[in-house]
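Below is one structure, written out as structure tokens, with a few remarks after it.
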Amino acid sequence: MPAQRRRRRRDAPAAGEESGSNDVSVLHHLQEIVGSAAGVLRLLPFSHPPTAEDIKAQLLGDDLETAALSLPDGTADVVYLGSLVNKKRLWEEVLDPLLTRTVAVDALPGSKRLVTMEAILRQMLLGWVILFPPGRMPVGLPLKGLQQRSVDEPTTEREIIGPKEALVEDLETNIGLVRNRLRDPALRVQMHIVGTRSRTRVALLYLDQVASSELVARTQRGLPTVQIDFVRTAADVAEVIFGRSLTPFPLYEETERPDRFAAALASGRIGLIVEGSPFGLLVPVTFMEFQKDAESALPGPIISVYVRTLRLLGLFLSTAAPGLYVAILTANPGVLPLPLALTLSTTRFAVPYPVATEALIMLLVVDILAEATTQSSGAIGNTLAIVGTLIIGQMMVQAHLASSLLMIIVSGSIMGSYLTLKFSFSYALRIWKYVIVLLSAFAGLIGWFTGFLLLLVHLASLKSAGVPYLSPLGPFRPYDLTHYGLWQPSRGNQRLRPGMWRAQDLVRQPKRGRVR
Amino acid sequence: MSSRVYRVSSRQLWLLATLLSVCVTPLVLPGLVIPLLGHDAWATGVVSLLGGLLGMGFAAAVVRQFPDRPLGEVVATAFGPVLSRVYLALLALLFTVGAGVNLHGFVAVVAGHDLPLLPTMYPALLIAAVGTFAAYFGPEVIARSAEVLAPLIILGLVIINILAFSNAGFGRLLPLGIPWNAMGSAPVLAALGTARGFLLVLLLGAFAHALPSSASLHAGTLIAAVVITLSCALPVAVFGATFAGMDRFPFVSAVGTTGWQWIPTHGTVLLLIFWHAIVFVVFATYTWLAAWLWKGLLARLPWMSLVVGTGLCGALVASATLSSEAVSLLFSLWNDAVVVLGIAVPALLWMRLRRRSRYPGRRGVEER
């Protein structure tokens, strides 16, 4: 019963919007509704239907434009925000037909009656035009005309063979891109308005009867309770709903790929898309999910094993290699054969400070360069890369401020961190390598391994929307692990969804993926 | 007991129980047992197995009789509030000592073999820090970490034993008629106490989603017993009883005799990393159990969390600086205590509760 009630409430029109007739006799009832929402916006206390003058008093901006239309039954005011409205469409679809008497006000396409000041202001801020016909309730027309970026290639999650579409800043376009890949009637899209000042639209997407009902209910409960003034990305919202942990590792997956977003929904996760952000957010997420890529499975199993092995090697290089260098040269040179140990010692013969100091300095320098190159675009980024690699690196080695071997290791570490598919995740790896280097300097290989144990405990203590971050390694789920292994079963044999997402419907497809 | 509810899966409980049974015993126990039992040192594994089977049996029976009831409540039901508190206090002390002793045992091996230039305190502090960090989060996090480390630990155990096999002469293991009255000695009791996973079953059983089956619990004991038998037998097979008895860490020395020269020259420290993983899991579990028991016992006193935390940390840091003789003594005492508190008391508990079938909370008996 409560679920039915919730659904009924969800399906009902928002306060101030009228789905059917324009009867002024319901005004008393509507005033009650407006009264309950008065805390959201500063409203005029009115005892009459809102007028254009009321709006002018509320929206004191130079981009507020008005017009007066001469209609057969009197003069109708038109009010809109010029910065948000497509004026060409306004003329072609509204003004011209009304002036030439080819269309009546009630027959304008997409028109919706708005009876409260709150609803009118809300729709105007979304780029609607408000028409005040004489003697009747105001009518809103969706004529948003803000220039939007067209659908383009992904910039942070590029794939060679995969689709070349990325999410954009427009919410409807993004939802359309997802729907285009997941043409399932069970795909639910629920709009919420979050942000007391920004009043940003946030869409919750999930597959009904598939996604965890507990997670969906938690998100549905949480979204209306978010009380922040400005929403910039979906992470702002997720942080409030699911909580925040003191960790460098991302607890939500942000993606700009609609195919990845749709695939995640199909596997039983839920997604949030925020208006104005070209990244969708997926929860829950696990450590292993960040190692998964869609593309490496495309050319065939052998190549996919090779690519995934490279990625794992990159993961090891980015976190372990600098620490291993420090551990061996500081406390455990005995683990190396004598000729190799002598060669290593020769490379840093003239370096004037200890190994750990040398490593920390070089890691910091290279991280600064990497950050500067990443943040800069085009020619500046290329110049920085050249300056960093050719000039600073070479000069430091020639000036005996760093050993050539360490330069190789540090460069490999940075390259390895970028083999990880997600940008935010690579930051976590880059931060953690400092911890491991410090511990290695403290106690050699024992310290190096302690650094990994510390990382393990930290990851084991994390949860993303209630799902252990280390799943399916710990808690160990053998079937789920097959989705993340080097050798993955064919898509036809992936009959079940990973259990760790707690999907309601675990069966993804019939056995062997074909109808018999 | 602490009011926070922990939940571990039956697989995680089994894994922790097995790892606690294996522990650092193969590193430390042969040095204690071989000088006294000589060729018959391998029998410690058999004694461990018998003790483990017995302990696991009693522990599982008690937990199955009172599902979802913490040990404190069960003991209080059977023995009354005073005796139960004494028992829990002794258990808490046992785990506090156990954490320190195991830490010191591993660090002594590391310092003696591979990091002679490094102060002993450094690795001890690191393991104590990361173990306490895990203990802070509770058994769920420890169990998840153990699951991730399990393949590494298994690989390490297999490699170490294979390496030690390479120079073994099994003719040296033939018994030479040493009288078995040595079975009453402290090292044999120590061996009996090495199968101590049952204590974990007894304490954490109430918090498991389901108790592991008896067969898997006994299989865990068997694994531990096999590891202990090999660790005691292989040094004798490699060096002979007399020479092995003179070494403080004969098993590590036996690994060093492998024909693959890179291992004894360069790689023993890499092998010790496997033990590092085991020590971490055991240390974290002991520390959490000790802290949990202490907090449960002293929860009504003000500032108890602070007192328990400070006291435990002090004890653990102090344990890292103890002398080897003191640690050997503590190791023996600790194992004797495990035998008494881990087998005898649960056996008494089981017998007492078995006769009186009307205890509230018992399976099939309704709450009054």
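Just so we're on the same page: first chain in the structure tokens is A, next is B, and so on; residues restart at 1 for each chain, and ligands are numbered from 1 in the order they show up.
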Can you write out as a tab-separated table which residues of chain A fall within 6 Å of chain B, alongside each residue's closest atom pair and its distance in Å to one decimal, counting only C-alpha atoms and ordering rows by chain and ascending residue number?
residue	atom	partner	partner_atom	distance
A:Gly334	CA	B:His266	CA	5.4
A:Val335	CA	B:His266	CA	3.9
A:Leu454	CA	B:Val130	CA	5.8
A:Val457	CA	B:Ala134	CA	5.8
A:Ala460	CA	B:Val141	CA	5.3
A:Ser461	CA	B:Val141	CA	5.6
A:Leu473	CA	B:Val148	CA	5.8
A:Gly474	CA	B:Arg144	CA	4.4
A:Pro475	CA	B:Arg144	CA	5.5
Length of the CA of Leu230 (chain B) to CA of Ala164 (chain B) vector [Å]: 9.2 Å
Backbone-only DSSP, helix (DSSP H, G or I) members of region 75-264 of chain B, as number ranges by chain: B: 75-79, 81-113, 121-137, 139-165, 170-173, 180-184, 186-193, 197-207, 214-239, 241-246, 250-255, 262-264
Go ahead and dump the residues you just picked, C-alpha atoms, as a short mmCIF file (atom, residue, chain, number, x, y, z; two decimals), in the first residue's frame.
data_model
loop_
_atom_site.label_atom_id
_atom_site.label_comp_id
_atom_site.auth_asym_id
_atom_site.auth_seq_id
_atom_site.Cartn_x
_atom_site.Cartn_y
_atom_site.Cartn_z
CA VAL B 75 28.56 -18.73 29.52
CA ALA B 76 26.56 -16.57 31.90
CA THR B 77 23.57 -18.87 31.45
CA ALA B 78 25.63 -21.91 32.31
CA PHE B 79 28.05 -20.70 34.96
CA PRO B 81 27.63 -13.94 36.13
CA VAL B 82 30.80 -14.13 38.23
CA LEU B 83 32.39 -17.20 36.72
CA SER B 84 31.45 -16.13 33.22
CA ARG B 85 33.16 -12.79 33.71
CA VAL B 86 36.27 -14.48 35.00
CA TYR B 87 36.27 -16.76 31.96
CA LEU B 88 35.80 -13.88 29.53
CA ALA B 89 38.49 -11.85 31.27
CA LEU B 90 40.91 -14.75 30.90
CA LEU B 91 40.00 -15.08 27.25
CA ALA B 92 40.58 -11.36 26.75
CA LEU B 93 43.98 -11.67 28.42
CA LEU B 94 44.73 -14.69 26.28
CA PHE B 95 44.09 -12.84 23.06
CA THR B 96 46.03 -9.79 24.20
CA VAL B 97 49.04 -11.97 24.93
CA GLY B 98 48.49 -14.00 21.76
CA ALA B 99 48.56 -10.93 19.54
CA GLY B 100 51.83 -9.77 21.02
CA VAL B 101 53.47 -13.18 21.02
CA ASN B 102 52.64 -13.89 17.40
CA LEU B 103 53.85 -10.50 16.33
CA HIS B 104 57.10 -10.94 18.18
CA GLY B 105 57.59 -14.44 16.82
CA PHE B 106 57.42 -13.25 13.23
CA VAL B 107 59.53 -10.17 13.81
CA ALA B 108 62.22 -12.26 15.46
CA VAL B 109 62.45 -14.43 12.35
CA VAL B 110 62.57 -11.41 10.07
CA ALA B 111 65.20 -9.67 12.12
CA GLY B 112 67.29 -12.80 12.51
CA HIS B 113 67.36 -13.80 8.88
CA MET B 121 60.91 -2.30 16.40
CA TYR B 122 60.31 -1.07 12.82
CA PRO B 123 58.59 -4.08 11.26
CA ALA B 124 56.84 -4.79 14.57
CA LEU B 125 55.40 -1.29 14.64
CA LEU B 126 54.29 -1.50 11.02
CA ILE B 127 52.47 -4.80 11.46
CA ALA B 128 50.96 -3.63 14.74
CA ALA B 129 49.77 -0.43 13.06
CA VAL B 130 48.15 -2.09 10.07
CA GLY B 131 46.69 -4.89 12.23
CA THR B 132 45.21 -2.43 14.68
CA PHE B 133 43.84 -0.42 11.76
CA ALA B 134 42.03 -3.54 10.53
CA ALA B 135 40.88 -4.43 14.05
CA TYR B 136 39.36 -0.97 14.36
CA PHE B 137 36.97 -1.81 11.53
CA PRO B 139 35.82 -8.78 11.79
CA GLU B 140 34.03 -8.00 8.53
CA VAL B 141 36.96 -6.01 7.20
CA ILE B 142 39.48 -8.50 8.57
CA ALA B 143 37.59 -11.35 6.91
CA ARG B 144 37.40 -9.54 3.57
CA SER B 145 41.12 -8.83 3.70
CA ALA B 146 41.79 -12.48 4.55
CA GLU B 147 39.76 -13.59 1.55
CA VAL B 148 41.83 -11.42 -0.76
CA LEU B 149 45.09 -12.60 0.82
CA ALA B 150 44.10 -16.28 0.85
CA PRO B 151 45.53 -17.16 -2.60
CA LEU B 152 48.83 -15.50 -1.70
CA ILE B 153 48.97 -17.35 1.61
CA ILE B 154 48.18 -20.73 0.04
CA LEU B 155 50.77 -20.15 -2.67
CA GLY B 156 53.35 -19.18 -0.06
CA LEU B 157 52.68 -22.22 2.12
CA VAL B 158 52.95 -24.56 -0.85
CA ILE B 159 56.17 -22.99 -2.16
CA ILE B 160 57.83 -22.96 1.24
CA ASN B 161 57.06 -26.62 1.87
CA ILE B 162 58.16 -27.66 -1.62
CA LEU B 163 61.44 -25.79 -1.17
CA ALA B 164 62.05 -27.42 2.19
CA PHE B 165 61.39 -30.83 0.66
CA PHE B 170 63.33 -39.01 5.18
CA GLY B 171 65.44 -41.82 6.61
CA ARG B 172 66.39 -39.39 9.35
CA LEU B 173 62.81 -39.35 10.53
CA TRP B 180 56.71 -40.81 24.61
CA ASN B 181 56.36 -39.68 28.18
CA ALA B 182 57.54 -36.36 26.80
CA MET B 183 53.96 -35.90 25.64
CA GLY B 184 53.18 -34.23 28.92
CA ALA B 186 55.04 -27.91 27.68
CA PRO B 187 56.02 -28.03 23.98
CA VAL B 188 53.51 -30.75 23.31
CA LEU B 189 50.86 -28.78 25.09
CA ALA B 190 51.99 -25.92 22.91
CA ALA B 191 51.44 -28.09 19.87
CA LEU B 192 48.00 -28.98 21.16
CA GLY B 193 47.23 -25.32 21.48
CA GLY B 197 40.76 -21.75 15.39
CA PHE B 198 37.99 -23.27 17.47
CA LEU B 199 38.19 -20.34 19.87
CA LEU B 200 37.31 -18.08 16.99
CA VAL B 201 34.40 -20.32 16.08
CA LEU B 202 33.20 -20.13 19.65
CA LEU B 203 33.45 -16.35 19.79
CA LEU B 204 32.39 -15.36 16.30
CA GLY B 205 30.00 -18.22 15.61
CA ALA B 206 27.07 -16.19 16.85
CA PHE B 207 27.85 -13.47 14.33
CA SER B 214 31.47 -29.76 10.77
CA ALA B 215 33.31 -31.40 7.88
CA SER B 216 34.78 -28.12 6.66
CA LEU B 217 35.73 -27.06 10.19
CA HIS B 218 37.54 -30.34 10.73
CA ALA B 219 39.16 -30.01 7.30
CA GLY B 220 40.54 -26.63 8.42
CA THR B 221 42.01 -28.31 11.51
CA LEU B 222 43.52 -30.99 9.30
CA ILE B 223 45.17 -28.39 7.06
CA ALA B 224 46.70 -26.73 10.10
CA ALA B 225 47.89 -30.07 11.44
CA VAL B 226 49.51 -30.97 8.11
CA VAL B 227 51.36 -27.66 8.01
CA ILE B 228 52.54 -28.15 11.60
CA THR B 229 53.63 -31.73 10.94
CA LEU B 230 55.63 -30.70 7.89
CA SER B 231 57.21 -27.77 9.66
CA CYS B 232 58.38 -30.03 12.48
CA ALA B 233 59.36 -32.99 10.32
CA LEU B 234 61.16 -31.29 7.44
CA PRO B 235 63.97 -29.66 9.49
CA VAL B 236 64.71 -33.04 11.09
CA ALA B 237 64.66 -34.68 7.67
CA VAL B 238 67.07 -32.08 6.29
CA PHE B 239 69.51 -31.56 9.18
CA ALA B 241 67.44 -34.17 14.95
CA THR B 242 70.62 -33.02 16.67
CA PHE B 243 71.48 -30.16 14.35
CA ALA B 244 67.89 -29.10 13.87
CA GLY B 245 67.50 -28.96 17.64
CA MET B 246 70.28 -26.40 17.88
CA PRO B 250 64.91 -24.70 11.95
CA PHE B 251 62.08 -24.55 9.42
CA VAL B 252 63.35 -21.32 7.89
CA SER B 253 66.83 -22.82 7.73
CA ALA B 254 65.42 -25.93 6.02
CA VAL B 255 63.84 -23.73 3.35
CA TRP B 262 68.75 -17.79 -5.61
CA ILE B 263 66.34 -18.52 -2.76
CA PRO B 264 68.77 -18.83 0.15
#
Given only C-alpha atoms as the counted atoms, nearest of A:Arg179, A:Lys164, A:Arg113, A:Lys88 to Ala263 (chain A): A:Arg179
As a CSV table (one decimal) with C-alpha atoms, in the first residue's frame, please: every residue in region 205-408 of chain A that a backbone DSSP assignment puts in strand (DSSP E or B).
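What follows is the written file out_25.csv:
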chain,number,residue,atom,x,y,z
A,205,LEU,CA,17.4,6.0,-14.0
A,206,TYR,CA,17.0,2.3,-13.3
A,207,LEU,CA,15.5,-0.8,-14.6
A,253,GLU,CA,31.5,5.8,-11.1
A,254,GLU,CA,31.3,8.7,-13.4
A,255,THR,CA,31.0,8.0,-17.1
A,270,ILE,CA,21.2,2.7,-10.9
A,271,GLY,CA,22.2,6.0,-12.5
A,272,LEU,CA,21.9,9.7,-11.9
A,273,ILE,CA,22.2,12.3,-14.6
A,274,VAL,CA,22.3,16.0,-13.7
A,280,GLY,CA,26.4,10.3,-15.6
A,281,LEU,CA,26.9,8.8,-12.2
A,282,LEU,CA,26.5,5.1,-11.5
A,283,VAL,CA,26.1,3.4,-8.1
Neighbour list for Ser212 (chain A) as a PDB file with C-alpha atoms, in the first residue's frame, cut-off 10 Å, only C-alpha atoms, skip fewer than 2 positions in-chain:
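Listed below is the output, selection.pdb:
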ATOM      1  CA  TYR A 206      17.039   2.343 -13.282  1.00  0.00           C
ATOM      2  CA  LEU A 207      15.491  -0.803 -14.640  1.00  0.00           C
ATOM      3  CA  ASP A 208      12.313  -1.642 -12.792  1.00  0.00           C
ATOM      4  CA  GLN A 209      12.210  -5.171 -11.339  1.00  0.00           C
ATOM      5  CA  VAL A 210      15.928  -5.466 -11.996  1.00  0.00           C
ATOM      6  CA  GLU A 214      16.383  -1.265  -1.516  1.00  0.00           C
ATOM      7  CA  LEU A 215      18.863   0.919  -3.372  1.00  0.00           C
ATOM      8  CA  VAL A 216      16.167   2.503  -5.539  1.00  0.00           C
ATOM      9  CA  ALA A 217      14.015   3.259  -2.500  1.00  0.00           C
ATOM     10  CA  ARG A 218      16.994   4.706  -0.661  1.00  0.00           C
ATOM     11  CA  GLY A 268      21.189  -3.906 -12.157  1.00  0.00           C
ATOM     12  CA  ARG A 269      22.857  -0.695 -11.068  1.00  0.00           C
ATOM     13  CA  ILE A 270      21.210   2.714 -10.891  1.00  0.00           C
ATOM     14  CA  TRP A 501      24.700  -5.559  -7.266  1.00  0.00           C
ATOM     15  CA  ARG A 502      21.814  -7.227  -5.366  1.00  0.00           C
ATOM     16  CA  ALA A 503      19.620  -7.103  -8.443  1.00  0.00           C
ATOM     17  CA  GLN A 504      16.044  -8.259  -7.998  1.00  0.00           C
ATOM     18  CA  ASP A 505      16.203 -10.300 -11.162  1.00  0.00           C
TER      19      ASP A 505
END
Residues near region 58-63 of chain A, cut-off 7 Å, only C-alpha atoms, skip fewer than 4 positions along chain, as a VMD selection string: chain A and resid 54 81 to 83
Could you save the residues just selected, with N, CA and C atoms, as a PDB file, in the first residue's frame?
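File part35.pdb, as written:
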ATOM      1  N   ASP A  54       3.000  40.584 -11.859  1.00  0.00           N
ATOM      2  CA  ASP A  54       3.542  39.835 -10.713  1.00  0.00           C
ATOM      3  C   ASP A  54       4.896  39.233 -11.063  1.00  0.00           C
ATOM      4  N   LEU A  81      12.097  34.777 -20.532  1.00  0.00           N
ATOM      5  CA  LEU A  81      13.486  35.188 -20.334  1.00  0.00           C
ATOM      6  C   LEU A  81      14.205  35.052 -21.676  1.00  0.00           C
ATOM      7  N   GLY A  82      14.572  36.184 -22.239  1.00  0.00           N
ATOM      8  CA  GLY A  82      15.168  36.180 -23.567  1.00  0.00           C
ATOM      9  C   GLY A  82      16.434  35.353 -23.677  1.00  0.00           C
ATOM     10  N   SER A  83      17.145  35.214 -22.540  1.00  0.00           N
ATOM     11  CA  SER A  83      18.403  34.461 -22.564  1.00  0.00           C
ATOM     12  C   SER A  83      18.181  32.958 -22.681  1.00  0.00           C
TER      13      SER A  83
END
